[in-house]
>>> print(open('work_38.txt').read())   # compact mmCIF, C-alpha atoms
# COMPACT_ATOMS: atom_id res chain seq x y z
CA MET A 21 23.68 -44.31 -33.70
CA LYS A 22 20.89 -45.95 -31.67
CA ILE A 23 23.26 -46.27 -28.72
CA LEU A 24 24.23 -42.56 -28.93
CA THR A 25 20.59 -41.53 -29.22
CA GLY A 26 19.73 -43.63 -26.16
CA LEU A 27 22.55 -42.05 -24.16
CA PHE A 28 21.39 -38.59 -25.18
CA LEU A 29 17.83 -39.32 -24.05
CA MET A 30 19.11 -40.74 -20.78
CA LEU A 31 21.18 -37.62 -20.08
CA THR A 32 18.22 -35.40 -20.95
CA VAL A 33 16.06 -37.23 -18.41
CA LEU A 34 18.76 -36.94 -15.76
CA VAL A 35 19.11 -33.20 -16.35
CA ARG A 36 15.38 -32.73 -16.01
CA GLN A 37 15.30 -34.81 -12.85
CA ASP A 38 18.08 -32.70 -11.44
CA GLY A 39 15.79 -29.70 -11.47
CA PHE A 40 17.28 -27.65 -14.28
CA ALA A 41 14.01 -27.89 -16.19
CA GLN A 42 12.14 -27.09 -12.94
CA GLY A 43 9.35 -29.42 -13.89
CA ASP A 44 9.79 -32.11 -11.25
CA LEU A 45 8.55 -30.18 -8.21
CA LYS A 46 5.00 -29.28 -7.35
CA LYS A 47 4.04 -25.65 -7.90
CA LEU A 48 2.09 -23.92 -5.16
CA THR A 49 -0.27 -21.05 -5.90
CA ALA A 50 -0.30 -18.13 -3.48
CA ARG A 51 -3.29 -15.89 -2.92
CA THR A 52 -2.66 -12.16 -2.54
CA TYR A 53 -4.56 -9.64 -0.43
CA ASN A 54 -4.84 -5.87 -0.47
CA SER A 55 -4.64 -4.30 2.98
CA GLY A 56 -5.00 -0.79 1.55
CA PHE A 57 -1.46 0.39 2.32
CA ALA A 58 -0.02 1.34 -1.06
CA ILE A 59 3.45 2.27 0.24
CA GLY A 60 3.88 -0.97 2.18
CA HIS A 61 7.55 -1.97 2.05
CA ASP A 62 9.56 -5.12 2.83
CA THR A 63 8.63 -6.62 6.19
CA TYR A 64 10.83 -8.87 8.33
CA ASN A 65 9.14 -11.18 10.84
CA ALA A 66 6.12 -9.09 12.04
CA ILE A 67 3.46 -11.73 11.37
CA SER A 68 1.96 -14.29 13.76
CA ALA A 69 -1.04 -16.56 14.16
CA ALA A 70 -2.90 -15.86 17.41
CA SER A 71 -5.15 -17.97 19.63
CA ASP A 72 -8.26 -16.17 18.31
CA GLY A 73 -7.58 -17.75 14.91
CA LYS A 74 -6.56 -14.47 13.29
CA ILE A 75 -3.31 -13.59 11.56
CA TYR A 76 -1.74 -10.37 12.83
CA TYR A 77 0.87 -8.53 10.80
CA VAL A 78 2.65 -5.23 10.23
CA LEU A 79 3.30 -3.60 6.87
CA SER A 80 6.41 -1.43 6.90
CA SER A 81 6.94 2.13 5.71
CA GLN A 82 10.09 3.86 4.50
CA SER A 83 8.42 7.26 4.78
CA ILE A 84 9.81 9.76 7.26
CA ASP A 85 6.35 10.75 8.50
CA THR A 86 4.15 7.70 7.84
CA GLY A 87 4.35 4.90 10.36
CA GLY A 88 4.08 1.18 9.80
CA GLN A 89 0.54 -0.19 9.90
CA MET A 90 -0.75 -3.14 11.92
CA TYR A 91 -3.56 -5.37 10.62
CA SER A 92 -5.40 -8.55 11.43
CA PHE A 93 -6.78 -11.07 8.95
CA ASP A 94 -9.69 -13.37 9.78
CA PRO A 95 -9.40 -16.58 7.72
CA GLY A 96 -13.03 -17.43 8.52
CA THR A 97 -14.52 -14.28 7.01
CA GLY A 98 -11.64 -13.22 4.74
CA ARG A 99 -11.77 -9.74 6.25
CA ILE A 100 -8.78 -7.52 6.96
CA HIS A 101 -9.01 -5.16 9.93
CA HIS A 102 -6.73 -2.14 10.39
CA CYS A 103 -5.53 -2.31 14.00
CA GLY A 104 -3.55 0.93 14.05
CA ASP A 105 -0.64 3.13 13.06
CA LEU A 106 2.58 2.37 14.94
CA THR A 107 3.60 6.00 15.33
CA GLU A 108 0.22 6.83 16.84
CA ALA A 109 0.35 3.78 19.10
CA CYS A 110 3.68 5.10 20.43
CA GLY A 111 2.14 8.51 21.18
CA GLU A 112 4.28 10.31 18.61
CA LYS A 113 1.68 11.50 16.12
CA GLY A 114 2.33 15.09 15.02
CA LEU A 115 5.68 15.38 16.81
CA LYS A 116 7.61 15.59 13.49
CA THR A 117 10.04 12.91 14.61
CA ILE A 118 11.17 10.17 12.24
CA ALA A 119 8.26 7.73 12.19
CA GLN A 120 7.99 4.27 13.72
CA GLY A 121 8.23 2.78 10.26
CA LYS A 122 8.24 -0.92 10.98
CA SER A 123 8.17 -3.80 13.38
CA HIS A 124 11.02 -6.25 12.92
CA VAL A 125 9.83 -8.89 15.41
CA ARG A 126 7.22 -11.58 15.78
CA PHE A 127 4.23 -11.04 18.03
CA VAL A 128 4.35 -12.95 21.32
CA GLU A 129 0.98 -13.72 22.89
CA SER A 130 0.42 -13.65 26.65
CA ASN A 131 -2.81 -13.25 28.63
CA GLY A 132 -4.86 -12.00 25.70
CA LYS A 133 -2.30 -9.48 24.53
CA LEU A 134 0.19 -9.44 21.68
CA TYR A 135 3.59 -8.08 22.66
CA PHE A 136 5.88 -6.68 19.99
CA ALA A 137 8.30 -3.83 19.28
CA THR A 138 8.77 -1.02 16.76
CA HIS A 139 11.71 -0.13 14.58
CA VAL A 140 12.87 2.68 12.34
CA GLY A 141 12.05 2.46 8.63
CA TYR A 142 13.65 5.66 7.37
CA TYR A 143 17.35 5.21 6.63
CA SER A 144 20.34 7.06 5.26
CA MET A 145 22.70 5.18 2.93
CA VAL A 146 26.38 5.38 3.93
CA ASP A 147 28.98 3.40 1.97
CA GLY A 148 26.23 1.22 0.55
CA MET A 149 24.82 0.33 3.98
CA GLU A 150 21.64 1.40 5.73
CA LYS A 151 22.29 3.66 8.71
CA MET A 152 19.98 5.52 11.08
CA GLY A 153 18.03 8.12 9.14
CA ILE A 154 19.33 11.69 9.33
CA PRO A 155 16.36 14.02 9.85
CA PRO A 156 15.96 16.77 7.24
CA PRO A 157 15.10 20.36 8.24
CA GLY A 158 11.81 20.50 10.14
CA TYR A 159 12.10 16.97 11.53
CA LYS A 160 13.54 15.56 14.75
CA ALA A 161 15.67 12.46 15.17
CA TYR A 162 14.16 9.04 15.64
CA PRO A 163 13.08 8.84 19.31
CA GLY A 164 13.75 5.10 19.69
CA GLY A 165 11.75 1.94 19.27
CA HIS A 166 8.90 1.10 21.63
CA ILE A 167 7.69 -2.08 23.27
CA LEU A 168 3.93 -2.28 22.67
CA ALA A 169 1.11 -4.54 23.83
CA TYR A 170 -2.06 -4.97 21.77
CA ASP A 171 -5.23 -6.21 23.49
CA MET A 172 -6.96 -8.56 21.04
CA LYS A 173 -10.40 -8.04 22.63
CA THR A 174 -10.44 -4.27 23.08
CA GLY A 175 -8.16 -3.34 20.17
CA LYS A 176 -6.22 -0.97 22.40
CA PHE A 177 -2.46 -0.46 22.49
CA ASP A 178 -0.34 -0.06 25.62
CA ASP A 179 2.96 1.78 25.22
CA LEU A 180 5.21 -0.02 27.69
CA ALA A 181 8.76 1.21 27.18
CA ILE A 182 11.19 2.90 24.81
CA ALA A 183 14.58 1.59 23.75
CA PRO A 184 17.71 3.26 25.16
CA HIS A 185 19.99 5.51 23.13
CA GLN A 186 17.24 6.41 20.61
CA GLU A 187 17.79 3.15 18.75
CA GLY A 188 15.30 0.95 16.96
CA ILE A 189 14.37 -2.50 18.26
CA LEU A 190 15.73 -5.08 15.85
CA THR A 191 15.18 -8.28 17.82
CA MET A 192 12.69 -9.20 20.57
CA ASN A 193 11.41 -12.24 22.39
CA MET A 194 9.42 -12.74 25.56
CA ASP A 195 9.64 -15.13 28.47
CA THR A 196 5.88 -15.32 28.98
CA LYS A 197 6.18 -17.45 32.12
CA ARG A 198 8.16 -14.75 33.93
CA GLY A 199 6.78 -11.70 32.12
CA LEU A 200 10.18 -10.62 30.83
CA ILE A 201 10.82 -9.09 27.39
CA TYR A 202 14.32 -9.12 25.89
CA CYS A 203 15.48 -6.89 23.03
CA ILE A 204 18.49 -6.05 20.87
CA THR A 205 18.63 -2.51 19.49
CA TRP A 206 19.73 -1.31 16.08
CA PRO A 207 22.17 -0.11 14.87
CA THR A 208 24.57 -0.49 17.81
CA GLY A 209 23.27 -3.66 19.45
CA TYR A 210 22.38 -2.82 23.05
CA VAL A 211 20.69 -5.69 24.91
CA PHE A 212 17.98 -4.75 27.38
CA ARG A 213 15.28 -6.43 29.44
CA TYR A 214 11.82 -5.16 30.33
CA ASP A 215 9.86 -6.55 33.27
CA VAL A 216 6.15 -6.27 32.41
CA GLY A 217 4.94 -6.74 36.00
CA LYS A 218 7.38 -4.32 37.60
CA LYS A 219 7.38 -1.95 34.59
CA GLU A 220 11.15 -1.76 34.81
CA LEU A 221 13.71 -1.56 32.02
CA LYS A 222 17.25 -2.77 32.57
CA GLU A 223 20.05 -2.20 30.06
CA ILE A 224 22.40 -5.19 29.93
CA GLY A 225 25.12 -3.99 27.56
CA LEU A 226 26.45 -4.33 24.03
CA LEU A 227 26.17 -7.68 22.28
CA SER A 228 28.80 -7.40 19.56
CA GLY A 229 31.25 -4.51 19.40
CA GLU A 230 29.76 -1.49 17.66
CA GLY A 231 27.20 -3.63 15.87
CA GLU A 232 25.87 -2.33 12.56
CA ASN A 233 26.74 1.20 13.64
CA GLY A 234 30.39 0.33 13.21
CA SER A 235 32.40 0.70 10.04
CA GLY A 236 35.24 -1.26 8.50
CA LYS A 237 36.76 -3.77 10.93
CA ASP A 238 34.38 -2.58 13.68
CA PHE A 239 31.20 -3.54 11.81
CA ARG A 240 29.25 -6.54 13.14
CA VAL A 241 25.95 -7.88 11.81
CA LEU A 242 23.54 -8.27 14.74
CA CYS A 243 21.62 -11.36 15.78
CA ARG A 244 17.99 -11.44 14.57
CA SER A 245 16.71 -14.15 16.90
CA LEU A 246 16.77 -14.34 20.70
CA ALA A 247 16.20 -17.94 21.80
CA ILE A 248 14.55 -18.47 25.19
CA ASN A 249 14.51 -21.63 27.27
CA PRO A 250 11.13 -21.35 29.04
CA THR A 251 12.06 -23.97 31.65
CA ASP A 252 14.74 -21.84 33.32
CA GLY A 253 14.32 -18.46 31.58
CA ALA A 254 17.80 -18.40 30.02
CA VAL A 255 18.17 -16.31 26.84
CA TYR A 256 20.63 -17.02 24.02
CA ALA A 257 22.03 -14.84 21.23
CA THR A 258 24.87 -15.17 18.74
CA THR A 259 27.47 -12.93 17.13
CA SER A 260 28.88 -12.89 13.61
CA GLU A 261 32.07 -14.46 15.02
CA GLY A 262 29.92 -17.40 16.10
CA THR A 263 29.98 -16.84 19.86
CA ILE A 264 26.82 -17.99 21.67
CA PHE A 265 26.01 -15.75 24.63
CA CYS A 266 23.74 -16.76 27.49
CA LEU A 267 21.84 -14.36 29.72
CA LYS A 268 20.56 -16.32 32.70
CA SER A 269 17.22 -15.33 34.21
CA GLY A 270 17.82 -12.52 36.70
CA SER A 271 21.40 -11.98 35.55
CA ASN A 272 22.76 -8.77 34.06
CA VAL A 273 25.80 -10.41 32.43
CA LEU A 274 26.09 -11.90 28.94
CA GLU A 275 28.15 -15.06 29.38
CA PRO A 276 29.89 -16.71 26.37
CA LEU A 277 29.49 -20.46 26.06
CA GLU A 278 32.32 -22.84 25.22
CA GLU A 279 30.22 -24.14 22.31
CA ASP A 280 29.93 -21.88 19.27
CA MET A 281 28.42 -21.59 15.79
CA ARG A 282 31.71 -21.77 13.89
CA LYS A 283 30.97 -24.90 11.89
CA ASP A 284 32.78 -25.82 8.68
CA TYR A 285 29.48 -26.82 7.10
CA PHE A 286 28.17 -23.27 7.51
CA GLY A 287 30.94 -21.75 5.41
CA ILE A 288 33.79 -19.31 5.97
CA TYR A 289 32.96 -15.70 6.87
CA ASP A 290 34.60 -12.41 7.71
CA PRO A 291 32.83 -11.25 10.90
CA ALA A 292 33.28 -7.61 9.82
CA SER A 293 31.55 -8.12 6.47
CA ALA A 294 28.13 -6.57 5.96
CA GLY A 295 27.32 -8.95 3.13
CA SER A 296 26.26 -11.91 5.26
CA MET A 297 25.07 -12.82 8.76
CA GLY A 298 28.44 -14.46 9.36
CA TYR A 299 28.16 -17.29 11.89
CA ASN A 300 25.01 -15.85 13.49
CA TRP A 301 22.02 -18.12 13.57
CA ARG A 302 19.29 -16.61 11.43
CA GLN A 303 16.10 -17.84 13.10
CA THR A 304 15.32 -20.14 16.03
CA VAL A 305 12.31 -21.81 17.65
CA TRP A 306 11.79 -23.61 20.95
CA TYR A 307 10.66 -27.22 20.57
CA PRO A 308 8.78 -28.41 23.67
CA GLY A 309 8.98 -32.04 22.53
CA ASN A 310 12.57 -32.47 23.71
CA LYS A 311 13.13 -29.07 25.32
CA THR A 312 15.72 -27.93 22.82
CA ILE A 313 16.13 -25.08 20.35
CA TYR A 314 16.06 -25.62 16.59
CA GLY A 315 17.42 -23.03 14.22
CA VAL A 316 18.64 -22.35 10.74
CA HIS A 317 21.95 -20.85 9.70
CA GLY A 318 20.82 -18.39 7.07
CA ASN A 319 23.60 -18.34 4.51
CA SER A 320 24.20 -22.08 4.31
CA GLY A 321 20.61 -23.14 5.01
CA TYR A 322 21.64 -25.79 7.55
CA LEU A 323 19.18 -26.86 10.22
CA PHE A 324 20.72 -27.37 13.64
CA GLN A 325 19.67 -28.32 17.15
CA PHE A 326 20.96 -26.45 20.20
CA ASP A 327 20.58 -28.28 23.50
CA PRO A 328 20.79 -25.69 26.30
CA ARG A 329 21.31 -28.39 28.96
CA ALA A 330 24.37 -29.89 27.28
CA GLU A 331 25.28 -26.56 25.63
CA ARG A 332 25.90 -28.32 22.33
CA VAL A 333 25.03 -27.56 18.71
CA ARG A 334 24.23 -30.53 16.47
CA VAL A 335 24.08 -29.94 12.71
CA LEU A 336 21.18 -31.95 11.25
CA ASP A 337 20.42 -31.34 7.58
CA ARG A 338 20.53 -28.74 4.85
CA ILE A 339 16.93 -27.57 4.49
CA THR A 340 17.29 -25.33 1.50
CA SER A 341 15.12 -26.09 -1.53
CA GLU A 342 15.86 -29.18 -3.63
CA PRO A 343 17.13 -27.08 -6.58
CA SER A 344 19.46 -25.22 -4.18
CA LYS A 345 20.82 -28.48 -2.81
CA ARG A 346 21.53 -29.76 -6.31
CA SER A 347 23.19 -26.55 -7.45
CA GLY A 348 25.53 -26.62 -4.45
CA MET A 349 25.33 -22.82 -4.24
CA PHE A 350 24.12 -20.45 -1.56
CA ASP A 351 20.80 -18.76 -2.21
CA GLN A 352 20.41 -15.19 -3.40
CA PHE A 353 19.31 -13.44 -0.22
CA SER A 354 22.58 -12.45 1.42
CA TYR A 355 21.38 -12.86 5.02
CA GLY A 356 19.30 -16.00 4.56
CA TYR A 357 15.62 -16.30 5.46
CA LEU A 358 13.61 -15.48 8.60
CA GLY A 359 10.51 -17.42 7.50
CA PHE A 360 11.14 -20.39 9.81
CA ILE A 361 8.61 -21.55 12.41
CA LEU A 362 7.21 -24.52 14.30
CA GLY A 363 3.73 -25.37 13.00
CA PRO A 364 0.50 -25.80 14.99
CA ASP A 365 1.06 -29.57 15.33
CA GLN A 366 4.15 -28.68 17.40
CA HIS A 367 6.48 -31.01 15.52
CA THR A 368 6.62 -29.76 11.90
CA LEU A 369 8.99 -26.97 10.94
CA TYR A 370 7.90 -24.70 8.10
CA TYR A 371 10.55 -22.82 6.15
CA LEU A 372 10.18 -20.32 3.30
CA THR A 373 13.47 -20.32 1.45
CA GLY A 374 14.98 -19.60 -1.95
CA GLY A 375 15.62 -21.63 -5.05
CA PRO A 376 17.70 -20.94 -8.15
CA VAL A 377 15.95 -19.82 -11.32
CA TYR A 378 16.98 -21.55 -14.55
CA LYS A 379 16.56 -20.16 -18.03
CA GLU A 380 17.34 -22.31 -21.06
CA GLY A 381 19.06 -24.80 -18.76
CA HIS A 382 21.37 -22.24 -17.13
CA ARG A 383 21.21 -20.97 -13.57
CA VAL A 384 20.48 -17.24 -13.41
CA LYS A 385 23.30 -15.66 -11.45
CA GLY A 386 23.15 -12.52 -9.32
CA LYS A 387 25.78 -10.30 -7.75
CA ASN A 388 28.93 -11.95 -6.51
CA SER A 389 28.88 -9.89 -3.32
CA THR A 390 26.98 -7.15 -1.55
CA ALA A 391 27.60 -4.69 1.28
CA MET A 392 24.15 -5.10 2.83
CA GLY A 393 21.36 -7.56 3.45
CA GLU A 394 19.62 -7.85 0.10
CA ALA A 395 18.66 -10.25 -2.67
CA LYS A 396 21.67 -10.55 -4.96
CA GLY A 397 19.51 -11.81 -7.80
CA LEU A 398 16.19 -13.32 -8.85
CA GLU A 399 15.14 -16.55 -7.17
CA ASP A 400 12.10 -18.75 -6.65
CA LEU A 401 10.33 -19.02 -3.32
CA HIS A 402 10.06 -22.57 -1.98
CA LEU A 403 8.13 -23.96 0.96
CA VAL A 404 10.04 -26.63 2.87
CA THR A 405 8.77 -28.70 5.80
CA TYR A 406 10.78 -30.81 8.23
CA ASP A 407 9.19 -33.25 10.68
CA LEU A 408 11.10 -33.28 13.96
CA LEU A 409 9.60 -36.64 14.94
CA THR A 410 10.71 -38.51 11.83
CA GLY A 411 13.48 -36.30 10.42
CA LYS A 412 11.61 -36.19 7.10
CA TYR A 413 12.45 -33.26 4.83
CA ARG A 414 10.06 -32.23 2.05
CA ASP A 415 10.32 -29.49 -0.54
CA ARG A 416 6.64 -28.72 -1.14
CA GLY A 417 7.41 -26.82 -4.31
CA ALA A 418 7.97 -23.35 -5.74
CA VAL A 419 5.39 -20.66 -4.98
CA PHE A 420 3.85 -18.44 -7.65
CA TYR A 421 1.03 -15.94 -7.85
CA PRO A 422 -1.92 -16.82 -10.11
CA ASP A 423 -0.50 -14.55 -12.84
CA GLY A 424 2.85 -16.37 -12.76
CA GLN A 425 4.81 -13.76 -10.80
CA ARG A 426 7.14 -14.84 -8.02
CA PRO A 427 6.78 -13.66 -4.41
CA VAL A 428 10.06 -11.92 -3.55
CA TYR A 429 11.71 -10.45 -0.45
CA VAL A 430 9.99 -12.99 1.78
CA ASN A 431 11.28 -13.01 5.37
CA SER A 432 8.26 -13.77 7.50
CA ILE A 433 5.92 -16.67 8.19
CA ALA A 434 2.85 -17.70 10.17
CA VAL A 435 0.89 -20.93 9.97
CA GLY A 436 -2.86 -20.94 10.60
CA LYS A 437 -4.73 -23.63 12.51
CA ASP A 438 -5.73 -25.32 9.24
CA GLY A 439 -2.14 -25.45 7.97
CA THR A 440 -2.41 -22.46 5.63
CA VAL A 441 0.91 -20.64 5.43
CA TYR A 442 0.91 -16.84 5.55
CA THR A 443 3.71 -14.45 4.70
CA LEU A 444 4.39 -10.88 3.58
CA ALA A 445 5.85 -10.36 0.11
CA ARG A 446 6.12 -7.90 -2.73
CA ILE A 447 3.08 -7.81 -5.02
CA THR A 448 2.96 -5.96 -8.34
CA GLU A 449 -0.46 -4.96 -9.65
CA ASN A 450 -1.28 -2.40 -12.34
CA GLY A 451 2.38 -1.46 -12.60
CA LYS A 452 2.75 -0.64 -8.88
CA THR A 453 4.55 -2.70 -6.26
CA ARG A 454 3.75 -2.98 -2.57
CA THR A 455 4.39 -5.50 0.20
CA ASP A 456 1.24 -7.18 1.45
CA LEU A 457 -0.31 -10.32 2.90
CA VAL A 458 0.00 -13.59 0.98
CA SER A 459 -1.44 -17.03 1.80
CA ILE A 460 -0.31 -20.45 0.58
CA GLY A 461 -2.91 -23.19 0.94
CA GLY A 462 -3.09 -26.83 0.00
CA VAL A 463 -0.08 -27.82 2.11
CA LYS A 464 -0.75 -31.40 3.26
>>> encode(input="work_38.txt", output="C-alpha cells")
Amino acid sequence: MKILTGLFLMLTVLVRQDGFAQGDLKKLTARTYNSGFAIGHDTYNAISAASDGKIYYVLSSQSIDTGGQMYSFDPGTGRIHHCGDLTEACGEKGLKTIAQGKSHVRFVESNGKLYFATHVGYYSMVDGMEKMGIPPPGYKAYPGGHILAYDMKTGKFDDLAIAPHQEGILTMNMDTKRGLIYCITWPTGYVFRYDVGKKELKEIGLLSGEGENGSGKDFRVLCRSLAINPTDGAVYATTSEGTIFCLKSGSNVLEPLEEDMRKDYFGIYDPASAGSMGYNWRQTVWYPGNKTIYGVHGNSGYLFQFDPRAERVRVLDRITSEPSKRSGMFDQFSYGYLGFILGPDQHTLYYLTGGPVYKEGHRVKGKNSTAMGEAKGLEDLHLVTYDLLTGKYRDRGAVFYPDGQRPVYVNSIAVGKDGTVYTLARITENGKTRTDLVSIGGVK
C-alpha cells in the first residue's frame, strides 16, 4: 500500500510539473488602458515604439463610416494622445466611402516620421470568409488603402499614395536607407513599391494567384511580413505553397528562390485552405548582429533563420509556450501570432503566443478546423523570449489582467526602452468589450 501511495504521489507531481495544473509558470499581470474608443476592434501589428520614447498604435474599426484611430502613449507621463482619424488623414472625411477602418502594419520610423499604411475594416462574409465590404445604398466602395507619414514633432499627416485596384494594404515594410516602401494589397495580393523621394508608385504584380480574393482551389492566404535586407535592399515574401520570392532593389520582377519554406517540422498544409497560413512565414525581423532574418512559422511556432546571402532557411527551435510544447498540439489561433519582435537590446526576441487552457486536468479543446483566420478556442497568452546570442529560450509566464481575465486576440507587440512589453488586446469592462492598449511590465 505504501508503495502504491508513493507511486501515486510521484505521478501527481509529474503531472503538475508537466503544466496540466498550470502552477509551475510565473504569472504576469497586464495593465489595461482606456484610449476612449469604445468600438475598438481586433488590431493586427499597428503598434511600435518610437525614438521619442512613445508607443504609437492604431485601434481598428469595423464600422462602415468610422475610421480607425491612431494614438500615442507616453510611458513617462502615462498620458494617451489622440493623433488622428485614419479616414480624415486620407482626405476621405464626408465622402461616404467605406472607411479606412484599420492599419494592418507596423510603423517604420525614418527622419522623424512614422510611415505606415491603411486597410479596410468593413467586410462582407462569403462562405465563412471575410471579403471586401459591399457598400450598402448611399455609400461608395472602398477607395483603397493609403500610405501615410506621421510627423512626430508637428503631429501632421502626409498622404503619400493610394493602393492600386481599390484594395486595402495588408502588408508593408520600408527600406529606410533607400526611401522605398513595399506593400502587398488585400484581398488579391498585388505587390507594389513607392519611392518616397521621387513620389512614384510602381506596381510589380501578383504575389500568389488570386490571393484571398480567390475561392476554392484558387484561394491563397497572403504573406503578412515583407522581410528587407537593408544591406542590398532586397525584399522577400512567401506564399502558402512555401515559395520564397525575392524582389531585388530596383527590379520589377519577383524571383523565386531555390530554397523554400516547405519543412516537415512546420506541418502539412493545403495551400488553398483558408484555415491556416500554410507554409507562409508569419512574422520576420532583421537581425543586424549577423545580417540575417529571423522569423516564426505561425501554425507550428517554429523559429527559423533565413540567411539571404546563402539563401538558406535553418530551423532553430519551437518557441511556443511551455504548455504548448508539452501538449504537442498547435495553438488555437489558426494563423499563428504576429506579436514577434527584436527588443531594444538588439539581440532578444520577444514573442506573444498562445498556451492551452486546462480545466480539471483536461485540455480545453476548440474547433477542429476553420475557414478563416480566427481563434478556434480559448487559450492563455504567454510571453516568450529568445536570446539570439546564447540561444536561450524562456517562457516568462501566462499573462492575466488584474481581475483574472485573459488578454485574447493578441497579434501585435512593441517593447519600450525599459523592457515593458505593449500590445493591443480585447478588454471587457462593465459588460462591454473593446480592443485597447495593454502593457506587461516586470520582464527581466
>>> residues_near_point(input="work_38.txt", point="(34.0, -22.8, 18.2)", cutoff="10 Å", atoms="all atoms listed in the file", output="ChimeraX atom specification")
/A:261-264,277-283
>>> atom_distance(input="work_38.txt", atom1="atom CA of Gly56 of chain A", atom2="atom CA of Trp206 of chain A")
28.7 Å
>>> atom_distance(input="work_38.txt", atom1="atom CA of Ala119 of chain A", atom2="atom CA of Ile154 of chain A")
12.1 Å
>>> residues_around(input="work_38.txt", residues="segment 65-76 of chain A", least_positions_apart="5", cutoff="10 Å", atoms="all atoms listed in the file", output="JSON, numbers by chain")
{"A": [90, 91, 92, 93, 94, 95, 96, 99, 100, 101, 102, 103, 122, 123, 124, 125, 126, 127, 128, 129, 130, 132, 133, 134, 136, 137, 138, 172, 173, 191, 244, 303, 357, 358, 359, 360, 361, 364, 430, 431, 432, 433, 434, 435, 436, 437, 438, 441, 442, 443, 444, 457]}
>>> atom_distance(input="work_38.txt", atom1="atom CA of Gly141 of chain A", atom2="atom CA of Glu187 of chain A")
11.7 Å
>>> residues_around(input="work_38.txt", residues="Lys176 of chain A", least_positions_apart="6", cutoff="9 Å", atoms="all atoms listed in the file", output="PyMOL selection string")
chain A and resi 103-104+109+169-170
>>> write_last_selection(input="work_38.txt", atoms="C-alpha atoms", output="PDB file, in the frame of the given file")
ATOM      1  CA  CYS A 103      -5.530  -2.310  14.000  1.00  0.00           C
ATOM      2  CA  GLY A 104      -3.550   0.930  14.050  1.00  0.00           C
ATOM      3  CA  ALA A 109       0.350   3.780  19.100  1.00  0.00           C
ATOM      4  CA  ALA A 169       1.110  -4.540  23.830  1.00  0.00           C
ATOM      5  CA  TYR A 170      -2.060  -4.970  21.770  1.00  0.00           C
TER       6      TYR A 170
END
>>> closest_residue(input="work_38.txt", among="A:Glu112, A:Asp171, A:Asp238, A:Asp337", to="Gly315 of chain A", atoms="all atoms listed in the file")
A:Asp337
>>> build_atoms(input="work_38.txt", residues="segment 143-154 of chain A", atoms="N, CA and C atoms", output="PDB file, keeping the file's coordinate frame")
ATOM      1  N   TYR A 143      15.912   5.373   6.513  1.00  0.00           N
ATOM      2  CA  TYR A 143      17.350   5.210   6.630  1.00  0.00           C
ATOM      3  C   TYR A 143      18.115   6.235   5.786  1.00  0.00           C
ATOM      4  N   SER A 144      19.391   6.345   6.102  1.00  0.00           N
ATOM      5  CA  SER A 144      20.340   7.060   5.260  1.00  0.00           C
ATOM      6  C   SER A 144      21.368   6.045   4.772  1.00  0.00           C
ATOM      7  N   MET A 145      21.722   6.118   3.484  1.00  0.00           N
ATOM      8  CA  MET A 145      22.700   5.180   2.930  1.00  0.00           C
ATOM      9  C   MET A 145      24.110   5.745   3.077  1.00  0.00           C
ATOM     10  N   VAL A 146      24.984   4.988   3.726  1.00  0.00           N
ATOM     11  CA  VAL A 146      26.380   5.380   3.930  1.00  0.00           C
ATOM     12  C   VAL A 146      27.261   4.215   3.496  1.00  0.00           C
ATOM     13  N   ASP A 147      28.088   4.443   2.501  1.00  0.00           N
ATOM     14  CA  ASP A 147      28.980   3.400   1.970  1.00  0.00           C
ATOM     15  C   ASP A 147      28.204   2.141   1.594  1.00  0.00           C
ATOM     16  N   GLY A 148      27.026   2.340   1.018  1.00  0.00           N
ATOM     17  CA  GLY A 148      26.230   1.220   0.550  1.00  0.00           C
ATOM     18  C   GLY A 148      25.488   0.472   1.631  1.00  0.00           C
ATOM     19  N   MET A 149      25.501   0.994   2.866  1.00  0.00           N
ATOM     20  CA  MET A 149      24.820   0.330   3.980  1.00  0.00           C
ATOM     21  C   MET A 149      23.758   1.247   4.577  1.00  0.00           C
ATOM     22  N   GLU A 150      22.701   0.625   5.090  1.00  0.00           N
ATOM     23  CA  GLU A 150      21.640   1.400   5.730  1.00  0.00           C
ATOM     24  C   GLU A 150      22.079   1.807   7.133  1.00  0.00           C
ATOM     25  N   LYS A 151      21.977   3.112   7.393  1.00  0.00           N
ATOM     26  CA  LYS A 151      22.290   3.660   8.710  1.00  0.00           C
ATOM     27  C   LYS A 151      21.069   4.432   9.220  1.00  0.00           C
ATOM     28  N   MET A 152      21.092   4.779  10.493  1.00  0.00           N
ATOM     29  CA  MET A 152      19.980   5.520  11.080  1.00  0.00           C
ATOM     30  C   MET A 152      19.691   6.777  10.271  1.00  0.00           C
ATOM     31  N   GLY A 153      18.417   6.998   9.973  1.00  0.00           N
ATOM     32  CA  GLY A 153      18.030   8.120   9.140  1.00  0.00           C
ATOM     33  C   GLY A 153      18.404   9.469   9.738  1.00  0.00           C
ATOM     34  N   ILE A 154      18.968  10.329   8.908  1.00  0.00           N
ATOM     35  CA  ILE A 154      19.330  11.690   9.330  1.00  0.00           C
ATOM     36  C   ILE A 154      18.135  12.594   9.043  1.00  0.00           C
TER      37      ILE A 154
END
